[in-house]
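Okay, coords-v4.tsv is below, TSV, C-alpha atoms and all ligand atoms:
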chain	number	residue	atom	x	y	z
A	296	MET	CA	11.87	17.12	-0.75
A	297	LEU	CA	9.28	15.87	1.67
A	298	GLY	CA	9.43	16.91	5.31
A	299	ALA	CA	11.26	15.18	8.14
A	300	ARG	CA	9.77	12.10	9.71
A	301	SER	CA	8.06	12.45	13.03
A	302	ARG	CA	8.93	8.92	14.11
A	303	LYS	CA	11.56	8.36	16.79
A	304	LYS	CA	15.10	8.13	15.46
A	305	SER	CA	17.63	5.55	16.50
A	306	PRO	CA	21.45	5.79	16.30
A	307	GLY	CA	22.73	5.30	12.77
A	308	ASP	CA	19.19	5.41	11.46
A	309	PRO	CA	18.47	9.02	10.53
A	310	ILE	CA	15.01	8.33	9.16
A	311	GLY	CA	13.69	6.02	11.84
A	312	ILE	CA	13.53	2.88	9.69
A	313	ASP	CA	16.15	0.17	9.61
A	314	PRO	CA	16.51	-0.55	5.88
A	315	SER	CA	17.90	-4.03	6.52
A	316	ARG	CA	14.62	-5.35	7.87
A	317	SER	CA	11.38	-6.30	6.18
A	318	ALA	CA	8.57	-3.82	6.64
A	319	VAL	CA	6.13	-6.64	6.01
A	320	ARG	CA	6.77	-10.36	5.77
A	321	LEU	CA	4.34	-13.12	4.91
A	322	THR	CA	5.56	-16.58	5.84
A	323	ARG	CA	3.84	-19.66	4.41
A	324	VAL	CA	0.52	-17.84	4.18
A	325	THR	CA	-2.46	-19.82	2.94
A	326	LYS	CA	-5.94	-18.36	2.66
A	327	GLU	CA	-8.97	-20.51	1.93
A	328	TYR	CA	-12.46	-19.24	1.39
A	329	GLY	CA	-15.27	-21.63	2.27
A	330	ARG	CA	-14.99	-25.27	3.28
A	331	GLY	CA	-15.27	-28.71	1.79
A	332	PRO	CA	-15.46	-29.37	-1.94
A	333	SER	CA	-16.43	-25.77	-2.75
A	334	ALA	CA	-13.42	-24.30	-0.86
A	335	VAL	CA	-11.24	-21.90	-2.85
A	336	VAL	CA	-7.55	-21.63	-2.06
A	337	ALA	CA	-6.88	-17.96	-2.82
A	338	LEU	CA	-3.31	-17.99	-1.45
A	339	ASP	CA	-1.31	-21.20	-1.36
A	340	ASP	CA	1.80	-21.24	0.84
A	341	VAL	CA	2.97	-17.74	-0.04
A	342	SER	CA	6.17	-16.34	1.49
A	343	VAL	CA	7.14	-12.78	0.59
A	344	GLY	CA	9.27	-10.20	2.37
A	345	VAL	CA	9.07	-6.52	1.49
A	346	ALA	CA	12.16	-4.48	2.35
A	347	ALA	CA	11.62	-1.30	4.32
A	348	GLY	CA	11.91	1.73	2.06
A	349	SER	CA	11.04	-0.13	-1.15
A	350	PHE	CA	8.27	0.12	-3.75
A	351	THR	CA	6.78	-3.28	-4.64
A	352	ALA	CA	4.09	-4.07	-7.19
A	353	VAL	CA	1.93	-7.16	-6.88
A	354	MET	CA	0.70	-8.32	-10.27
A	355	GLY	CA	-0.93	-11.35	-11.80
A	356	PRO	CA	-3.97	-12.50	-13.76
A	357	SER	CA	-7.47	-11.88	-12.47
A	358	GLY	CA	-8.26	-14.33	-9.65
A	359	SER	CA	-4.56	-14.99	-8.91
A	360	GLY	CA	-4.89	-13.79	-5.31
A	361	LYS	CA	-3.67	-10.17	-5.46
A	362	SER	CA	-6.51	-8.67	-3.38
A	363	THR	CA	-6.34	-11.52	-0.90
A	364	PHE	CA	-2.57	-10.97	-0.60
A	365	LEU	CA	-3.07	-7.25	0.05
A	366	HIS	CA	-5.82	-7.86	2.59
A	367	CYS	CA	-3.79	-10.44	4.51
A	368	ALA	CA	-0.57	-8.36	4.37
A	369	ALA	CA	-2.36	-5.24	5.62
A	370	GLY	CA	-4.26	-6.95	8.44
A	371	LEU	CA	-7.65	-6.41	6.80
A	372	ASP	CA	-8.17	-10.17	6.70
A	373	ARG	CA	-6.56	-13.08	8.52
A	374	PRO	CA	-4.76	-15.96	6.79
A	375	SER	CA	-6.06	-19.51	7.27
A	376	SER	CA	-2.49	-20.48	8.17
A	377	GLY	CA	0.95	-18.91	8.17
A	378	THR	CA	2.13	-15.65	9.69
A	379	VAL	CA	2.16	-11.98	8.74
A	380	ARG	CA	4.63	-9.66	10.44
A	381	LEU	CA	4.23	-5.95	9.83
A	382	GLY	CA	6.74	-3.55	11.35
A	383	GLY	CA	8.00	-6.41	13.52
A	384	GLN	CA	4.54	-7.18	14.90
A	385	ASP	CA	3.01	-10.63	14.35
A	386	LEU	CA	-0.54	-9.64	13.34
A	387	GLY	CA	-1.85	-13.06	14.47
A	388	GLU	CA	-1.08	-12.06	18.07
A	389	LEU	CA	-3.49	-9.10	17.94
A	390	ASN	CA	-7.19	-9.32	18.77
A	391	GLU	CA	-9.68	-7.43	16.57
A	392	THR	CA	-9.55	-4.20	18.59
A	393	GLN	CA	-5.76	-4.22	18.69
A	394	LEU	CA	-5.60	-4.99	14.97
A	395	THR	CA	-7.93	-2.08	14.13
A	396	ARG	CA	-5.80	0.28	16.21
A	397	PHE	CA	-2.63	-1.11	14.64
A	398	ARG	CA	-3.98	-0.48	11.13
A	399	ARG	CA	-5.00	3.07	12.02
A	400	THR	CA	-1.63	4.03	13.36
A	401	ARG	CA	0.88	1.89	11.46
A	402	VAL	CA	-0.66	1.21	8.04
A	403	GLY	CA	-1.71	3.56	5.23
A	404	PHE	CA	-4.21	2.75	2.48
A	405	VAL	CA	-4.79	4.17	-0.98
A	406	PHE	CA	-7.71	2.79	-3.01
A	407	GLN	CA	-8.79	2.99	-6.64
A	408	ALA	CA	-11.96	4.88	-5.67
A	409	PHE	CA	-10.06	7.41	-3.47
A	410	ASN	CA	-12.48	6.82	-0.53
A	411	LEU	CA	-12.47	10.43	0.69
A	412	LEU	CA	-15.20	11.77	2.95
A	413	PRO	CA	-17.22	14.21	0.79
A	414	ALA	CA	-18.37	16.46	3.64
A	415	LEU	CA	-14.83	17.12	4.86
A	416	THR	CA	-12.35	19.57	3.40
A	417	VAL	CA	-9.05	18.41	1.91
A	418	GLU	CA	-7.25	19.33	5.14
A	419	GLN	CA	-9.81	17.50	7.29
A	420	ASN	CA	-9.57	14.41	5.09
A	421	ILE	CA	-5.78	14.42	5.34
A	422	THR	CA	-5.72	14.80	9.12
A	423	LEU	CA	-8.54	12.30	9.76
A	424	PRO	CA	-6.19	9.39	10.61
A	425	LEU	CA	-4.54	11.55	13.27
A	426	ARG	CA	-7.91	12.41	14.81
A	427	LEU	CA	-9.05	8.77	14.69
A	428	ALA	CA	-5.84	7.76	16.47
A	429	ALA	CA	-6.34	10.64	18.95
A	430	ALA	CA	-2.90	11.89	17.94
A	431	GLU	CA	-1.96	15.55	17.91
A	432	THR	CA	-2.11	17.29	14.55
A	433	ASP	CA	1.39	18.45	13.78
A	434	HIS	CA	0.78	21.45	11.50
A	435	ASP	CA	4.35	21.44	10.12
A	436	SER	CA	3.88	17.86	9.08
A	437	VAL	CA	0.49	18.64	7.44
A	438	ARG	CA	2.11	21.54	5.56
A	439	SER	CA	5.08	19.48	4.36
A	440	VAL	CA	2.91	16.54	3.26
A	441	THR	CA	0.39	18.72	1.42
A	442	ALA	CA	3.17	20.67	-0.30
A	443	ALA	CA	4.91	17.45	-1.29
A	444	VAL	CA	1.80	16.01	-2.91
A	445	GLY	CA	1.05	19.30	-4.68
A	446	LEU	CA	-2.07	20.28	-2.76
A	447	ALA	CA	-0.96	23.55	-1.16
A	448	GLY	CA	-3.69	26.10	-1.83
A	449	LEU	CA	-6.44	23.48	-2.07
A	450	LEU	CA	-6.76	22.63	1.62
A	451	GLY	CA	-10.17	24.31	2.03
A	452	ARG	CA	-11.82	22.54	-0.92
A	453	ARG	CA	-14.16	19.54	-0.73
A	454	PRO	CA	-13.39	16.37	-2.74
A	455	ALA	CA	-16.17	17.12	-5.28
A	456	GLU	CA	-14.30	20.32	-6.20
A	457	LEU	CA	-11.17	18.37	-7.19
A	458	SER	CA	-10.12	16.34	-10.24
A	459	GLY	CA	-9.58	12.59	-9.91
A	460	GLY	CA	-5.82	13.04	-9.79
A	461	GLN	CA	-6.12	15.69	-7.09
A	462	GLN	CA	-8.44	13.44	-5.07
A	463	GLN	CA	-5.87	10.63	-5.24
A	464	ARG	CA	-3.21	13.10	-4.04
A	465	VAL	CA	-5.41	13.80	-1.01
A	466	ALA	CA	-5.70	10.06	-0.39
A	467	ILE	CA	-1.90	9.70	-0.62
A	468	ALA	CA	-1.37	12.63	1.76
A	469	ARG	CA	-3.87	11.00	4.16
A	470	ALA	CA	-1.88	7.76	3.95
A	471	LEU	CA	1.42	9.60	4.53
A	472	ILE	CA	0.34	11.74	7.47
A	473	THR	CA	0.87	9.05	10.12
A	474	ARG	CA	4.22	7.98	8.59
A	475	PRO	CA	3.02	4.35	8.49
A	476	GLU	CA	5.22	1.26	8.33
A	477	VAL	CA	3.69	0.40	4.97
A	478	ILE	CA	1.32	2.07	2.52
A	479	PHE	CA	-0.87	-0.45	0.68
A	480	ALA	CA	-2.27	0.80	-2.60
A	481	ASP	CA	-5.00	-1.19	-4.38
A	482	GLU	CA	-5.09	-0.27	-8.09
A	483	PRO	CA	-4.41	3.39	-7.18
A	484	THR	CA	-4.40	4.50	-10.82
A	485	GLY	CA	-7.32	2.38	-12.01
A	486	ALA	CA	-9.71	5.34	-12.22
A	487	LEU	CA	-7.25	7.80	-13.79
A	488	ASP	CA	-6.21	8.69	-17.34
A	489	PRO	CA	-2.66	7.53	-18.29
A	490	ASP	CA	-0.92	10.91	-17.76
A	491	THR	CA	-2.53	11.48	-14.38
A	492	ALA	CA	-1.81	7.86	-13.47
A	493	ASP	CA	1.87	8.43	-14.23
A	494	ASP	CA	1.92	11.52	-11.98
A	495	ILE	CA	0.38	9.53	-9.13
A	496	LEU	CA	2.90	6.70	-9.55
A	497	ALA	CA	5.73	9.25	-9.58
A	498	LEU	CA	4.34	10.64	-6.34
A	499	LEU	CA	4.30	7.21	-4.70
A	500	ARG	CA	7.89	6.74	-5.95
A	501	GLN	CA	8.80	10.10	-4.39
A	502	ALA	CA	7.31	8.98	-1.07
A	503	VAL	CA	9.61	5.95	-1.17
A	504	THR	CA	12.74	7.75	-2.37
A	505	ASP	CA	12.47	10.97	-0.37
A	506	LEU	CA	10.49	9.90	2.69
A	507	HIS	CA	11.75	6.31	2.86
A	508	GLN	CA	8.20	5.04	3.02
A	509	THR	CA	7.43	1.46	2.04
A	510	VAL	CA	4.75	1.03	-0.63
A	511	VAL	CA	3.07	-2.20	-1.74
A	512	MET	CA	0.76	-1.71	-4.71
A	513	VAL	CA	-1.58	-4.08	-6.51
A	514	THR	CA	-1.79	-3.16	-10.18
A	515	HIS	CA	-2.55	-4.74	-13.53
A	516	ASP	CA	-0.77	-1.98	-15.44
A	517	PRO	CA	2.67	-2.92	-16.88
A	518	ALA	CA	3.45	0.81	-17.27
A	519	ALA	CA	3.14	1.19	-13.48
A	520	ALA	CA	5.91	-1.32	-12.91
A	521	ARG	CA	8.71	0.98	-14.11
A	522	HIS	CA	8.22	3.17	-11.02
A	523	THR	CA	8.73	0.22	-8.68
A	524	ASP	CA	11.78	-1.62	-7.36
A	525	ARG	CA	10.30	-5.08	-7.68
A	526	VAL	CA	7.28	-6.87	-9.07
A	527	VAL	CA	5.98	-9.97	-7.32
A	528	PHE	CA	3.82	-12.01	-9.68
A	529	LEU	CA	1.08	-14.24	-8.36
A	530	ALA	CA	-0.52	-17.01	-10.39
A	531	ALA	CA	-3.15	-19.40	-9.03
A	532	GLY	CA	-2.46	-18.21	-5.46
A	533	ARG	CA	1.29	-18.81	-5.58
A	534	VAL	CA	4.33	-16.61	-6.10
A	535	ALA	CA	5.16	-17.31	-9.73
A	536	ARG	CA	7.98	-14.82	-10.35
A	537	ARG	CA	9.89	-11.93	-8.82
A	538	VAL	CA	11.30	-9.27	-11.15
A	539	ASP	CA	13.71	-6.61	-9.86
A	540	ALA	CA	14.15	-3.23	-11.56
A	541	PRO	CA	11.26	-4.01	-13.92
A	542	SER	CA	10.64	-2.52	-17.34
A	543	ALA	CA	7.20	-2.39	-18.98
A	544	PRO	CA	8.11	-4.68	-21.93
A	545	HIS	CA	9.57	-7.34	-19.62
A	546	ILE	CA	6.48	-7.16	-17.40
A	547	LYS	CA	4.19	-7.54	-20.42
A	548	ASP	CA	6.08	-10.70	-21.46
A	549	VAL	CA	5.81	-12.22	-17.98
A	550	MET	CA	2.08	-11.40	-17.85
A	551	THR	CA	1.48	-13.14	-21.17
A	552	GLU	CA	3.37	-16.19	-19.93
A	553	LEU	CA	1.50	-16.33	-16.61
A	554	ARG	CA	-1.96	-16.10	-18.17
A	555	ARG	CA	-1.36	-19.71	-19.18
A	556	ILE	CA	-1.11	-20.80	-15.50
A	557	ARG	CA	-4.54	-21.50	-14.02
A	601	LIG	P1	-7.30	-11.05	-7.73
A	601	LIG	O1	-7.27	-9.86	-6.82
A	601	LIG	O2	-5.95	-11.44	-8.25
A	601	LIG	O3	-8.30	-10.92	-8.83
A	601	LIG	P2	-8.57	-12.38	-5.47
A	601	LIG	O4	-7.63	-12.33	-4.33
A	601	LIG	O5	-9.70	-11.40	-5.49
A	601	LIG	O6	-7.75	-12.32	-6.85
A	601	LIG	O7	-9.22	-13.85	-5.55
A	601	LIG	C1	-8.47	-15.03	-5.53
A	601	LIG	C2	-9.43	-16.22	-5.56
A	601	LIG	O8	-10.19	-16.25	-4.36
A	601	LIG	C3	-10.44	-16.15	-6.70
A	601	LIG	O9	-10.68	-17.47	-7.14
A	601	LIG	C4	-11.67	-15.57	-6.04
A	601	LIG	O10	-12.84	-15.98	-6.70
A	601	LIG	C5	-11.58	-16.16	-4.64
A	601	LIG	N1	-12.18	-15.27	-3.62
A	601	LIG	C6	-11.79	-14.02	-3.31
A	601	LIG	N2	-12.55	-13.51	-2.30
A	601	LIG	C7	-13.43	-14.50	-1.98
A	601	LIG	C8	-14.49	-14.61	-1.01
A	601	LIG	N3	-14.74	-13.60	-0.16
A	601	LIG	N4	-15.19	-15.76	-0.98
A	601	LIG	C9	-14.91	-16.77	-1.80
A	601	LIG	N5	-13.93	-16.75	-2.73
A	601	LIG	C10	-13.20	-15.62	-2.83

Go ahead and render the structure in this file as structure tokens.
Amino acid sequence: MLGARSRKKSPGDPIGIDPSRSAVRLTRVTKEYGRGPSAVVALDDVSVGVAAGSFTAVMGPSGSGKSTFLHCAAGLDRPSSGTVRLGGQDLGELNETQLTRFRRTRVGFVFQAFNLLPALTVEQNITLPLRLAAAETDHDSVRSVTAAVGLAGLLGRRPAELSGGQQQRVAIARALITRPEVIFADEPTGALDPDTADDILALLRQAVTDLHQTVVMVTHDPAAARHTDRVVFLAAGRVARRVDAPSAPHIKDVMTELRRIR
């Protein structure tokens, strides 16, 4: 079991998140790159709600808009039109400084390339978001997160002294430490061998099941889907399909079908 949440509790809500609400909701989001005849519509009128405490995969052919979706949903980029609400906050109402602060405190990120700071120890990497947000380091919380991701005993090492799978565990612990509204993972297993990839996906699943975190993951791997609650398929910038309780064979079939949409 992972440790208790540090977020404020409300009556009838022992974990601090109301499961009935969306952790992130995109409403009629369109994103265009460039202008005029060379403009590319990367997202075309996309509406998606992600339930709090769920694990969602975003899949689709190359160029279908997955990265753009993730960037808009996480407040790393702004839509051309439409709204993004994350944890009840309309991101369009925030200026750049507010948005940066919001991301630091309310959003977690896990990337394919781990993105750890090589000069810092495992512990320093994990607690970095707390220091950036000028929040107190709660040592119980650091201990419970590092134990949960299987890093106890490695806290003094530097990233170069860890395997790829261990480095991704550090990145997941770093994403968990602030108990964010949503963790966005961009191809988190893309640099890992299949067995290690499966361990990392199981860990993300555990963060959802035990810690009631919300995870949104871009992936191209049908095997990853079986760990998730739902797959949202994009094709040509639109939501093409939603699959609940996905299995790898079903996902493979849908992917084959969607490759025909351009
Ligand atoms: P995916 O992640 O599914 O491969 P992307 O979101 O990266 O898709 O891209 C969707 C579409 O938007 C593609 O046609 C891509 O070429 C285009 N695109 C993405 N980023 C930019 C950009 N910064 N400038 C121009 N076009 C872009």

Per residue of chain A within 10 Å of ligand LIG 601 (chain A), record the nearest atom pair and its distance in Å to one decimal, counting only C-alpha atoms and all ligand atoms, with rows in chain order and ascending residue number, as CSV.
residue,atom,partner,partner_atom,distance
A:Lys326,CA,A:LIG601,O8,8.5
A:Glu327,CA,A:LIG601,O8,7.7
A:Tyr328,CA,A:LIG601,C9,4.7
A:Gly329,CA,A:LIG601,C9,6.3
A:Arg330,CA,A:LIG601,C9,9.9
A:Ser333,CA,A:LIG601,C9,9.2
A:Ala334,CA,A:LIG601,C9,7.7
A:Val335,CA,A:LIG601,N5,5.8
A:Val336,CA,A:LIG601,O8,6.4
A:Ala337,CA,A:LIG601,O8,4.0
A:Leu338,CA,A:LIG601,C1,7.2
A:Val353,CA,A:LIG601,O2,9.1
A:Met354,CA,A:LIG601,O2,7.6
A:Gly355,CA,A:LIG601,O2,6.1
A:Pro356,CA,A:LIG601,O2,6.0
A:Ser357,CA,A:LIG601,O3,3.9
A:Gly358,CA,A:LIG601,O6,3.5
A:Ser359,CA,A:LIG601,O2,3.9
A:Gly360,CA,A:LIG601,O4,3.3
A:Lys361,CA,A:LIG601,O2,3.8
A:Ser362,CA,A:LIG601,O1,3.7
A:Thr363,CA,A:LIG601,O4,3.8
A:Phe364,CA,A:LIG601,O4,6.4
A:Leu365,CA,A:LIG601,O4,8.1
A:His366,CA,A:LIG601,O4,8.4
A:Cys367,CA,A:LIG601,O4,9.8
A:Asp481,CA,A:LIG601,O1,9.3
A:Glu482,CA,A:LIG601,O1,9.9
A:Val513,CA,A:LIG601,O1,8.1
A:Thr514,CA,A:LIG601,O1,9.3
A:His515,CA,A:LIG601,O2,9.2
A:Phe528,CA,A:LIG601,O2,9.9
A:Leu529,CA,A:LIG601,O2,7.6
A:Ala530,CA,A:LIG601,O2,8.1
A:Ala531,CA,A:LIG601,C1,7.7
A:Gly532,CA,A:LIG601,C1,6.8

Can you write just those residues out, C-alpha atoms, as a compact mmCIF listing (two decimals), in the coordinates of the input?
# COMPACT_ATOMS: atom_id res chain seq x y z
CA LYS A 326 -5.94 -18.36 2.66
CA GLU A 327 -8.97 -20.51 1.93
CA TYR A 328 -12.46 -19.24 1.39
CA GLY A 329 -15.27 -21.63 2.27
CA ARG A 330 -14.99 -25.27 3.28
CA SER A 333 -16.43 -25.77 -2.75
CA ALA A 334 -13.42 -24.30 -0.86
CA VAL A 335 -11.24 -21.90 -2.85
CA VAL A 336 -7.55 -21.63 -2.06
CA ALA A 337 -6.88 -17.96 -2.82
CA LEU A 338 -3.31 -17.99 -1.45
CA VAL A 353 1.93 -7.16 -6.88
CA MET A 354 0.70 -8.32 -10.27
CA GLY A 355 -0.93 -11.35 -11.80
CA PRO A 356 -3.97 -12.50 -13.76
CA SER A 357 -7.47 -11.88 -12.47
CA GLY A 358 -8.26 -14.33 -9.65
CA SER A 359 -4.56 -14.99 -8.91
CA GLY A 360 -4.89 -13.79 -5.31
CA LYS A 361 -3.67 -10.17 -5.46
CA SER A 362 -6.51 -8.67 -3.38
CA THR A 363 -6.34 -11.52 -0.90
CA PHE A 364 -2.57 -10.97 -0.60
CA LEU A 365 -3.07 -7.25 0.05
CA HIS A 366 -5.82 -7.86 2.59
CA CYS A 367 -3.79 -10.44 4.51
CA ASP A 481 -5.00 -1.19 -4.38
CA GLU A 482 -5.09 -0.27 -8.09
CA VAL A 513 -1.58 -4.08 -6.51
CA THR A 514 -1.79 -3.16 -10.18
CA HIS A 515 -2.55 -4.74 -13.53
CA PHE A 528 3.82 -12.01 -9.68
CA LEU A 529 1.08 -14.24 -8.36
CA ALA A 530 -0.52 -17.01 -10.39
CA ALA A 531 -3.15 -19.40 -9.03
CA GLY A 532 -2.46 -18.21 -5.46

Q) Quick one: of A:Ala492, A:Ala408, A:Lys547, A:Val477, who's nearest to His507 of chain A, counting all atoms listed in the file? A) A:Val477

Q: Quick one: pull the distance between atom CA of Arg396 of chain A and atom CA of Ala428 of chain A, Å, one decimal.
A: 7.5 Å

Q.
For a quick check of understanding, using only C-alpha atoms, which of A:Pro454, A:Gly403, A:Gly448, A:Pro489 has the smallest distance to Val417 of chain A?
A. A:Pro454

Q) If we count all atoms listed in the file, what is near Val527 of chain A at a cut-off of 9 Å, once residues fewer than 2 positions away on the same chain are taken out, given as a PyMOL selection string? A) chain A and resi 343+351-355+525+529+534-539

Using all atoms listed in the file, which protein or nucleic acid residues come within 6 Å of segment 372-378 of chain A? Drop anything in the same chain fewer than 6 positions from it, and give the result as a short mmCIF file (atom, residue, chain, number, x, y, z; two decimals) with C-alpha atoms, keeping the file's coordinate frame.
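Heads up, here's the output in part-v3.cif:
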data_model
loop_
_atom_site.label_atom_id
_atom_site.label_comp_id
_atom_site.auth_asym_id
_atom_site.auth_seq_id
_atom_site.Cartn_x
_atom_site.Cartn_y
_atom_site.Cartn_z
CA LEU A 321 4.34 -13.12 4.91
CA THR A 322 5.56 -16.58 5.84
CA ARG A 323 3.84 -19.66 4.41
CA VAL A 324 0.52 -17.84 4.18
CA THR A 325 -2.46 -19.82 2.94
CA LYS A 326 -5.94 -18.36 2.66
CA HIS A 366 -5.82 -7.86 2.59
#

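Candidate residues A:Met550, A:Ala318, A:Leu427, A:Leu411 were compared for distance to Val526 of chain A, and the nearest is A:Met550, using only C-alpha atoms.
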
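Compared by their closest atoms to Pro424 of chain A, and using all atoms listed in the file, the residues A:Arg453, A:Arg464, A:Arg469, A:Arg380 rank with A:Arg469 nearest.
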
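Picture a line from atom CA of Arg426 of chain A to atom CA of Ile478 of chain A; it runs 18.5 Å.
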